[in-house]
Amino acid sequence: MKYLELRNINKSFGEYKASDDASLGIEKGRLIGLLGPSGSGKTTILRMIAGLETPDSGDIIIDGRRVNDVDASKRGIGFVFQNYALFRYMTVFENIAFGLKVQHVKRDAIKKRVGELISLVGLDGLDRRYPHQLSGGQRQRVAFARALAPNPHLLLLDEPFAAIDAKVRQELRKWLRKMIESLQITSIFVTHDQEEAVEVADEIVVINAGRIEQSGSPVEIYKQPATPFVARFIGRSDVIDNAGLLKGFEAAKDFSQAVIRPEFIRVEKSGHLEKYVRSIEEGTVEEVSFRGDCLELKVRVGDALLTANRPLEKDELRAGDRVSVLIRRIYVFDGDAARILENENMKNQAVYI
Amino acid sequence: MALKNEDGSITRALLITASLLFLFIMLILPLCIVLYIALRSGWETYKNTVTDFYTLKALQLTLSSTLVAVVVNTLFGLFAAWAITKFSFRGKKFLTTMIDVPFAISPVIAGLIFILTFGRIGWAHEWLDSYNINIVFAVPGIILAVIFVTFPFVARELIPVLNAQGSDEEEAAALMGANGFVIFFRVTLPNIKWALLYGVILCTARAMGEFGAVSVLSGHLRGKTNTLPLHVEILYNEYKYSQAFAVSSILVIMAVIILIARNIVEYKGKKELGL
């Protein structure tokens, strides 16, 4: 049985439809990433689960019980706000203790529990600091500990890494993932960063314009995008028209648009891909930019401008070079569904990696 | 940021001189004259005027009406600012605009509004009279006038602060099971205390000095409905300049005390934010 279920949730703010018939099921103990562009309604879903917003229609079911009319404070949910919303005029200790205090937990028990949590999140010795005396990462840990203090069954995190600089973010992602794994608490976090979703979540739910586009493991989402939106949003992708003109993709004629990802493409100097001669397209390099671990090429093939990655150790390509482009596969769209097409002409040839 | 070229330094010198000169002529000089004239007829006259029965009565009325107005407006300001910033409702814009009305209209008109409502020709007069309640030409009228004139101050100070802070901390507290009372006193109030205090101080300063609206409603009954500013006017109209300025000096001293309090509050508030 699903631990958390959303059934046909609708929610509008005036003209803006934040949730459009959204349905979703989450199993106990999983770590879910709600992924979508800004304004897609992912935070609204989180806030409705928490009880901070009320859906216009639809059911929210937690552990078999409909909670639509249950007060936010009675749902047993821990919430980590985007900017942490730590109480400015309370120390780290008081912040974490707040939830226990308002529930009239005994003083000794509070002290013990808060002490445990402070050690758990690695903030020993900082219990008397105020939030403004902490770094971004430390604040996040306090927010996390504060949300966990009353022993919630469900932990919700709104853009938990958005306010942290890139370097610390990497570290905190791993930390959070490990922490949630060890606590085995069902958790949902919201993010607009697909890299973050892929790295942290067991399961990703892709949201666009208030609709749930697809949910599944990161690998599934990546390999089998169910809708045009997902194909375009996940990974680095170029949308092209007339994909049917590409060699080996004659079948794409019937589809209006297609998506090609850099990892589907191999680019070599003209004449270096002779053995795939039935599959390759000729093109021109328009732009080369350094991406740290590789070079990113913009290659013009007919009408389309494609993006390809090239390892640094290969011989250099420059803007204006004529190149051969091997396209291994593409995603094509048919209405609301997306399909994968492999290059027909390559099927009988050696496996390309 | 300092402008470094020649022109810049000339502009700077000109602007500073002009501001200081203006401040001196318009503010400091008159204040000195108040004190000078107040003490011109000797210390004895000054002391007698200041400790005069009617002066003390006026001071008492000024202080008590100020106190009531500040308490009422602090509560109203808190409620209004809270409602406007934490909830969205129909008529919110209207309410926000209405709060500024006392800033926009002349206090004399405010006084007249109350006369037309509660006075002998007003619609509420008969009903109030049957309960033996006098508002016009009595202390309640003065208090009403002061409340009306000063009610924007607290709300105006609080609204931007509450807006900037959003509702996240309150929501966090509510999710953990805190009730409204706890949320307000443990979370919201500490966050807005400096802005609130600042608003209260401005409100106090304005309440003590209010003349127009009070003048219309007071009836100028010496020892009964006379506030300090009205007392100054009466003495002045009786050509008792020294006494008029002596009473004025009380208002000046209270204003100075309030300005000092204001600076302390501002400094502390900034220091805490800057930590």
# chains A, B, ... in the order shown; residues from 1 in each chain; ligands from 1
>>> interface_residues(of="chain B", to="chain A", cutoff="6 Å", atoms="only C-alpha atoms", output="count of residues only")
6
>>> select_by_dssp(residues="segment 10-251 of chain A", states="alpha helix (DSSP H)", output="PyMOL selection string")
chain A and resi 42-50+92-102+107-120+136-148+166-183+194-200+218-223+228-233
>>> residues_around(residues="segment 26-34 of chain B", least_positions_apart="5", cutoff="12 Å", atoms="only C-alpha atoms", output="list of chain:residue names")
B:Ala18, B:Ser19, B:Leu20, B:Leu21, B:Leu39, B:Arg40, B:Tyr46, B:Val232, B:Tyr241, B:Ser242, B:Gln243, B:Ala244, B:Phe245, B:Ala246, B:Val247, B:Ser248, B:Ser249, B:Ile250, B:Leu251, B:Val252, B:Ile253, B:Ala255, B:Val256
>>> write_last_selection(atoms="N, CA and C atoms", output="compact mmCIF listing (two decimals), in the first residue's frame")
# COMPACT_ATOMS: atom_id res chain seq x y z
N ALA B 18 24.03 74.65 2.74
CA ALA B 18 22.63 75.00 2.55
C ALA B 18 21.76 74.25 3.56
N SER B 19 22.02 72.94 3.72
CA SER B 19 21.21 72.14 4.64
C SER B 19 21.36 72.63 6.06
N LEU B 20 22.61 72.89 6.45
CA LEU B 20 22.85 73.31 7.82
C LEU B 20 22.23 74.67 8.09
N LEU B 21 22.37 75.57 7.12
CA LEU B 21 21.82 76.91 7.26
C LEU B 21 20.31 76.83 7.41
N LEU B 39 12.46 82.33 29.27
CA LEU B 39 13.22 82.69 30.47
C LEU B 39 13.46 84.19 30.58
N ARG B 40 12.89 84.96 29.62
CA ARG B 40 13.19 86.40 29.57
C ARG B 40 12.72 87.13 30.82
N TYR B 46 9.05 81.77 35.00
CA TYR B 46 9.08 80.48 34.31
C TYR B 46 8.57 79.38 35.23
N VAL B 232 -0.89 76.70 25.31
CA VAL B 232 0.06 77.64 24.72
C VAL B 232 -0.71 78.68 23.92
N TYR B 241 3.31 86.35 26.56
CA TYR B 241 4.31 85.66 25.72
C TYR B 241 5.24 84.78 26.54
N SER B 242 5.77 85.35 27.62
CA SER B 242 6.73 84.57 28.43
C SER B 242 6.13 83.26 28.89
N GLN B 243 4.87 83.36 29.37
CA GLN B 243 4.21 82.16 29.87
C GLN B 243 3.96 81.17 28.72
N ALA B 244 3.52 81.72 27.59
CA ALA B 244 3.25 80.85 26.43
C ALA B 244 4.51 80.07 26.05
N PHE B 245 5.60 80.79 26.02
CA PHE B 245 6.84 80.11 25.63
C PHE B 245 7.36 79.18 26.73
N ALA B 246 7.06 79.52 27.95
CA ALA B 246 7.46 78.62 29.05
C ALA B 246 6.75 77.28 28.91
N VAL B 247 5.45 77.34 28.61
CA VAL B 247 4.71 76.09 28.43
C VAL B 247 5.22 75.35 27.19
N SER B 248 5.51 76.14 26.14
CA SER B 248 6.07 75.52 24.94
C SER B 248 7.33 74.75 25.25
N SER B 249 8.12 75.32 26.15
CA SER B 249 9.40 74.68 26.44
C SER B 249 9.20 73.27 27.02
N ILE B 250 8.07 73.07 27.71
CA ILE B 250 7.78 71.72 28.23
C ILE B 250 7.65 70.76 27.04
N LEU B 251 6.89 71.20 26.04
CA LEU B 251 6.70 70.37 24.86
C LEU B 251 8.04 70.11 24.15
N VAL B 252 8.87 71.17 24.11
CA VAL B 252 10.18 71.00 23.48
C VAL B 252 11.00 69.95 24.21
N ILE B 253 10.99 70.04 25.54
CA ILE B 253 11.79 69.08 26.32
C ILE B 253 11.28 67.66 26.10
N ALA B 255 9.80 66.57 23.50
CA ALA B 255 10.17 66.18 22.14
C ALA B 255 11.62 65.72 22.08
N VAL B 256 12.49 66.45 22.80
CA VAL B 256 13.90 66.08 22.81
C VAL B 256 14.09 64.69 23.41
>>> residues_around(residues="segment 281-294 of chain A", least_positions_apart="4", cutoff="8 Å", atoms="only C-alpha atoms", output="list of chain:residue names")
A:Leu246, A:Lys247, A:Ser270, A:Lys298, A:Val299, A:Arg300, A:Val301, A:Gly302, A:Asn309, A:Arg310, A:Pro311, A:Leu312, A:Leu317, A:Arg318, A:Ala319, A:Gly320, A:Asp321, A:Arg322, A:Val323, A:Ser324, A:Val325, A:Leu326
>>> select_by_dssp(residues="segment 122-299 of chain A", states="strand (DSSP E or B)", output="PyMOL selection string")
chain A and resi 154-158+186-191+203-208+211-216+238-241+257-260+265-269+280-290+294-299
>>> residues_around(residues="Asn242 of chain A", least_positions_apart="6", cutoff="12 Å", atoms="only C-alpha atoms", output="number ranges by chain")
A: 249-259, 301-304, 332-333
>>> write_last_selection(atoms="N, CA and C atoms", output="short mmCIF file (atom, residue, chain, number, x, y, z; two decimals), in the first residue's frame")
data_model
loop_
_atom_site.label_atom_id
_atom_site.label_comp_id
_atom_site.auth_asym_id
_atom_site.auth_seq_id
_atom_site.Cartn_x
_atom_site.Cartn_y
_atom_site.Cartn_z
N PHE A 249 16.81 7.62 -39.73
CA PHE A 249 15.63 7.95 -38.92
C PHE A 249 14.43 8.26 -39.80
N GLU A 250 14.34 7.52 -40.90
CA GLU A 250 13.24 7.77 -41.83
C GLU A 250 11.88 7.65 -41.11
N ALA A 251 11.85 6.80 -40.10
CA ALA A 251 10.59 6.57 -39.37
C ALA A 251 10.12 7.82 -38.64
N ALA A 252 11.03 8.79 -38.42
CA ALA A 252 10.68 9.98 -37.67
C ALA A 252 9.82 10.94 -38.49
N LYS A 253 9.65 10.61 -39.79
CA LYS A 253 8.84 11.47 -40.66
C LYS A 253 7.45 11.74 -40.09
N ASP A 254 6.92 10.71 -39.42
CA ASP A 254 5.54 10.79 -38.97
C ASP A 254 5.37 11.62 -37.70
N PHE A 255 6.50 12.06 -37.14
CA PHE A 255 6.42 12.81 -35.88
C PHE A 255 6.82 14.26 -36.12
N SER A 256 6.17 15.15 -35.34
CA SER A 256 6.39 16.57 -35.63
C SER A 256 7.75 17.06 -35.13
N GLN A 257 8.15 16.57 -33.97
CA GLN A 257 9.40 17.07 -33.40
C GLN A 257 10.20 15.93 -32.78
N ALA A 258 11.49 16.19 -32.62
CA ALA A 258 12.35 15.18 -32.01
C ALA A 258 13.35 15.86 -31.09
N VAL A 259 13.85 15.08 -30.12
CA VAL A 259 14.86 15.59 -29.19
C VAL A 259 16.13 14.77 -29.35
N VAL A 301 23.92 20.78 -38.55
CA VAL A 301 23.65 19.70 -39.50
C VAL A 301 22.36 20.05 -40.21
N GLY A 302 22.45 20.44 -41.46
CA GLY A 302 21.27 20.90 -42.18
C GLY A 302 20.69 22.10 -41.46
N ASP A 303 19.39 22.02 -41.10
CA ASP A 303 18.73 23.12 -40.40
C ASP A 303 19.00 23.10 -38.91
N ALA A 304 19.41 21.93 -38.43
CA ALA A 304 19.45 21.74 -36.98
C ALA A 304 20.80 22.12 -36.39
N VAL A 332 11.29 10.83 -30.30
CA VAL A 332 10.30 11.52 -31.14
C VAL A 332 9.00 11.64 -30.36
N PHE A 333 8.23 12.67 -30.69
CA PHE A 333 6.98 12.92 -29.97
C PHE A 333 5.79 12.63 -30.83
#
>>> closest_residue(among="A:Leu35, A:Leu273, A:Thr44, A:Ala337", to="Pro218 of chain A", atoms="only C-alpha atoms")
A:Leu35
>>> residues_around(residues="Val190 of chain A", least_positions_apart="4", cutoff="8 Å", atoms="only C-alpha atoms", output="number ranges by chain")
A: 33-35, 42-43, 46, 157-160
>>> residues_around(residues="segment 60-76 of chain B", least_positions_apart="3", cutoff="7 Å", atoms="only C-alpha atoms", output="ChimeraX atom specification")
/B:56-57,79-80,143,146-147,151,154,200,203-204,207-208,227-228
>>> write_last_selection(atoms="N, CA, C and O atoms", output="short mmCIF file (atom, residue, chain, number, x, y, z; two decimals), in the first residue's frame")
data_model
loop_
_atom_site.label_atom_id
_atom_site.label_comp_id
_atom_site.auth_asym_id
_atom_site.auth_seq_id
_atom_site.Cartn_x
_atom_site.Cartn_y
_atom_site.Cartn_z
N LEU B 56 -0.35 72.40 34.78
CA LEU B 56 -0.21 71.01 35.21
C LEU B 56 -1.41 70.18 34.76
O LEU B 56 -1.25 69.04 34.32
N LYS B 57 -2.59 70.78 34.83
CA LYS B 57 -3.79 70.08 34.36
C LYS B 57 -3.66 69.76 32.86
O LYS B 57 -3.99 68.66 32.41
N PHE B 79 -2.81 44.75 14.80
CA PHE B 79 -3.86 43.94 14.15
C PHE B 79 -3.89 44.23 12.65
O PHE B 79 -3.92 43.32 11.83
N ALA B 80 -3.90 45.54 12.33
CA ALA B 80 -4.04 45.91 10.93
C ALA B 80 -2.85 45.41 10.12
O ALA B 80 -3.00 44.82 9.05
N ILE B 143 -9.44 62.56 23.26
CA ILE B 143 -8.78 61.27 23.06
C ILE B 143 -9.09 60.72 21.67
O ILE B 143 -8.20 60.27 20.95
N VAL B 146 -7.05 62.54 19.10
CA VAL B 146 -5.64 62.15 19.11
C VAL B 146 -5.46 60.76 18.48
O VAL B 146 -4.55 60.53 17.69
N ILE B 147 -6.39 59.85 18.82
CA ILE B 147 -6.31 58.52 18.23
C ILE B 147 -6.40 58.59 16.72
O ILE B 147 -5.61 58.00 15.99
N PHE B 151 -3.26 57.29 14.21
CA PHE B 151 -3.34 55.85 14.02
C PHE B 151 -2.50 55.24 12.89
O PHE B 151 -2.22 54.07 12.92
N VAL B 154 1.97 53.29 13.83
CA VAL B 154 2.43 51.94 14.17
C VAL B 154 2.26 50.99 12.97
O VAL B 154 3.19 50.28 12.58
N VAL B 200 5.74 53.25 17.95
CA VAL B 200 5.15 53.75 19.19
C VAL B 200 5.74 55.12 19.53
O VAL B 200 5.02 56.04 19.94
N CYS B 203 4.41 57.74 17.22
CA CYS B 203 3.01 57.94 17.57
C CYS B 203 2.91 58.83 18.81
O CYS B 203 2.10 59.76 18.86
N THR B 204 3.76 58.58 19.80
CA THR B 204 3.76 59.38 21.02
C THR B 204 4.08 60.84 20.72
O THR B 204 3.41 61.76 21.19
N ALA B 207 1.18 62.45 19.06
CA ALA B 207 0.02 62.55 19.94
C ALA B 207 0.17 63.73 20.91
O ALA B 207 -0.77 64.47 21.15
N MET B 208 1.38 63.93 21.41
CA MET B 208 1.60 65.01 22.37
C MET B 208 1.42 66.37 21.74
O MET B 208 0.97 67.31 22.38
N THR B 227 -5.32 70.88 26.46
CA THR B 227 -4.04 70.16 26.40
C THR B 227 -2.93 71.19 26.34
O THR B 227 -3.18 72.39 26.20
N LEU B 228 -1.69 70.75 26.42
CA LEU B 228 -0.57 71.69 26.44
C LEU B 228 -0.54 72.59 25.20
O LEU B 228 -0.41 73.80 25.35
#
>>> atom_distance(atom1="atom CA of Val92 of chain A", atom2="atom CA of Thr186 of chain A")
24.7 Å
>>> atom_distance(atom1="atom CA of Gly212 of chain B", atom2="atom CA of Ile121 of chain B")
20.5 Å
>>> atom_distance(atom1="atom CA of Leu123 of chain A", atom2="atom CA of Lys178 of chain A")
16.4 Å
>>> decode(residues="segment 45-58 of chain A", atoms="all heavy atoms", output="mmCIF file, in the first residue's frame")
data_model
loop_
_atom_site.group_PDB
_atom_site.id
_atom_site.type_symbol
_atom_site.label_atom_id
_atom_site.label_comp_id
_atom_site.auth_asym_id
_atom_site.auth_seq_id
_atom_site.Cartn_x
_atom_site.Cartn_y
_atom_site.Cartn_z
ATOM 1 N N ILE A 45 2.338 21.639 -4.223
ATOM 2 C CA ILE A 45 2.016 20.263 -3.861
ATOM 3 C C ILE A 45 2.569 19.945 -2.472
ATOM 4 O O ILE A 45 1.886 19.388 -1.615
ATOM 5 C CB ILE A 45 2.559 19.283 -4.924
ATOM 6 C CG1 ILE A 45 1.710 19.413 -6.189
ATOM 7 C CG2 ILE A 45 2.554 17.852 -4.396
ATOM 8 C CD1 ILE A 45 2.017 18.412 -7.256
ATOM 9 N N LEU A 46 3.802 20.366 -2.249
ATOM 10 C CA LEU A 46 4.429 20.125 -0.952
ATOM 11 C C LEU A 46 3.643 20.808 0.171
ATOM 12 O O LEU A 46 3.385 20.225 1.225
ATOM 13 C CB LEU A 46 5.866 20.653 -0.993
ATOM 14 C CG LEU A 46 6.865 19.989 -0.077
ATOM 15 C CD1 LEU A 46 7.097 18.566 -0.512
ATOM 16 C CD2 LEU A 46 8.188 20.747 -0.075
ATOM 17 N N ARG A 47 3.247 22.038 -0.104
ATOM 18 C CA ARG A 47 2.524 22.801 0.916
ATOM 19 C C ARG A 47 1.135 22.237 1.167
ATOM 20 O O ARG A 47 0.616 22.327 2.277
ATOM 21 C CB ARG A 47 2.439 24.284 0.517
ATOM 22 C CG ARG A 47 3.802 24.987 0.594
ATOM 23 C CD ARG A 47 3.737 26.391 0.052
ATOM 24 N NE ARG A 47 2.823 27.234 0.803
ATOM 25 C CZ ARG A 47 3.136 27.877 1.919
ATOM 26 N NH1 ARG A 47 4.343 27.790 2.401
ATOM 27 N NH2 ARG A 47 2.245 28.615 2.531
ATOM 28 N N MET A 48 0.535 21.636 0.132
ATOM 29 C CA MET A 48 -0.777 21.014 0.343
ATOM 30 C C MET A 48 -0.642 19.737 1.173
ATOM 31 O O MET A 48 -1.487 19.447 2.016
ATOM 32 C CB MET A 48 -1.448 20.729 -1.006
ATOM 33 C CG MET A 48 -2.012 21.991 -1.657
ATOM 34 S SD MET A 48 -3.071 21.683 -3.075
ATOM 35 C CE MET A 48 -1.925 21.058 -4.269
ATOM 36 N N ILE A 49 0.421 19.005 0.921
ATOM 37 C CA ILE A 49 0.638 17.793 1.724
ATOM 38 C C ILE A 49 0.817 18.182 3.191
ATOM 39 O O ILE A 49 0.278 17.564 4.099
ATOM 40 C CB ILE A 49 1.869 17.009 1.223
ATOM 41 C CG1 ILE A 49 1.652 16.513 -0.211
ATOM 42 C CG2 ILE A 49 2.158 15.823 2.149
ATOM 43 C CD1 ILE A 49 2.885 15.922 -0.861
ATOM 44 N N ALA A 50 1.562 19.288 3.400
ATOM 45 C CA ALA A 50 1.836 19.724 4.774
ATOM 46 C C ALA A 50 0.602 20.320 5.439
ATOM 47 O O ALA A 50 0.523 20.370 6.664
ATOM 48 C CB ALA A 50 2.958 20.751 4.773
ATOM 49 N N GLY A 51 -0.356 20.786 4.619
ATOM 50 C CA GLY A 51 -1.536 21.422 5.198
ATOM 51 C C GLY A 51 -1.415 22.929 5.265
ATOM 52 O O GLY A 51 -2.207 23.590 5.909
ATOM 53 N N LEU A 52 -0.404 23.476 4.591
ATOM 54 C CA LEU A 52 -0.243 24.929 4.562
ATOM 55 C C LEU A 52 -1.098 25.554 3.467
ATOM 56 O O LEU A 52 -1.327 26.763 3.455
ATOM 57 C CB LEU A 52 1.229 25.302 4.353
ATOM 58 C CG LEU A 52 2.175 24.913 5.479
ATOM 59 C CD1 LEU A 52 3.622 25.114 5.082
ATOM 60 C CD2 LEU A 52 1.862 25.721 6.731
ATOM 61 N N GLU A 53 -1.539 24.720 2.513
ATOM 62 C CA GLU A 53 -2.514 25.159 1.516
ATOM 63 C C GLU A 53 -3.596 24.092 1.462
ATOM 64 O O GLU A 53 -3.338 22.920 1.764
ATOM 65 C CB GLU A 53 -1.898 25.267 0.112
ATOM 66 C CG GLU A 53 -0.686 26.153 -0.005
ATOM 67 C CD GLU A 53 -1.032 27.629 -0.066
ATOM 68 O OE1 GLU A 53 -2.237 27.952 -0.099
ATOM 69 O OE2 GLU A 53 -0.091 28.435 -0.044
ATOM 70 N N THR A 54 -4.797 24.505 1.047
ATOM 71 C CA THR A 54 -5.886 23.538 0.920
ATOM 72 C C THR A 54 -6.185 23.334 -0.560
ATOM 73 O O THR A 54 -6.354 24.305 -1.286
ATOM 74 C CB THR A 54 -7.158 24.079 1.602
ATOM 75 O OG1 THR A 54 -6.767 24.691 2.819
ATOM 76 C CG2 THR A 54 -8.141 22.978 1.871
ATOM 77 N N PRO A 55 -6.242 22.083 -1.015
ATOM 78 C CA PRO A 55 -6.572 21.865 -2.421
ATOM 79 C C PRO A 55 -8.016 22.274 -2.713
ATOM 80 O O PRO A 55 -8.869 22.193 -1.830
ATOM 81 C CB PRO A 55 -6.381 20.363 -2.614
ATOM 82 C CG PRO A 55 -6.374 19.768 -1.259
ATOM 83 C CD PRO A 55 -5.949 20.836 -0.299
ATOM 84 N N ASP A 56 -8.283 22.719 -3.955
ATOM 85 C CA ASP A 56 -9.656 23.066 -4.327
ATOM 86 C C ASP A 56 -10.496 21.800 -4.433
ATOM 87 O O ASP A 56 -11.672 21.784 -4.102
ATOM 88 C CB ASP A 56 -9.671 23.815 -5.669
ATOM 89 C CG ASP A 56 -8.901 25.129 -5.588
ATOM 90 O OD1 ASP A 56 -8.785 25.655 -4.471
ATOM 91 O OD2 ASP A 56 -8.422 25.604 -6.624
ATOM 92 N N SER A 57 -9.879 20.744 -4.950
ATOM 93 C CA SER A 57 -10.570 19.452 -4.969
ATOM 94 C C SER A 57 -9.536 18.340 -4.952
ATOM 95 O O SER A 57 -8.355 18.579 -5.189
ATOM 96 C CB SER A 57 -11.443 19.340 -6.228
ATOM 97 O OG SER A 57 -10.630 19.291 -7.371
ATOM 98 N N GLY A 58 -9.999 17.125 -4.674
ATOM 99 C CA GLY A 58 -9.076 15.997 -4.612
ATOM 100 C C GLY A 58 -8.782 15.582 -3.186
ATOM 101 O O GLY A 58 -9.125 16.289 -2.240
#
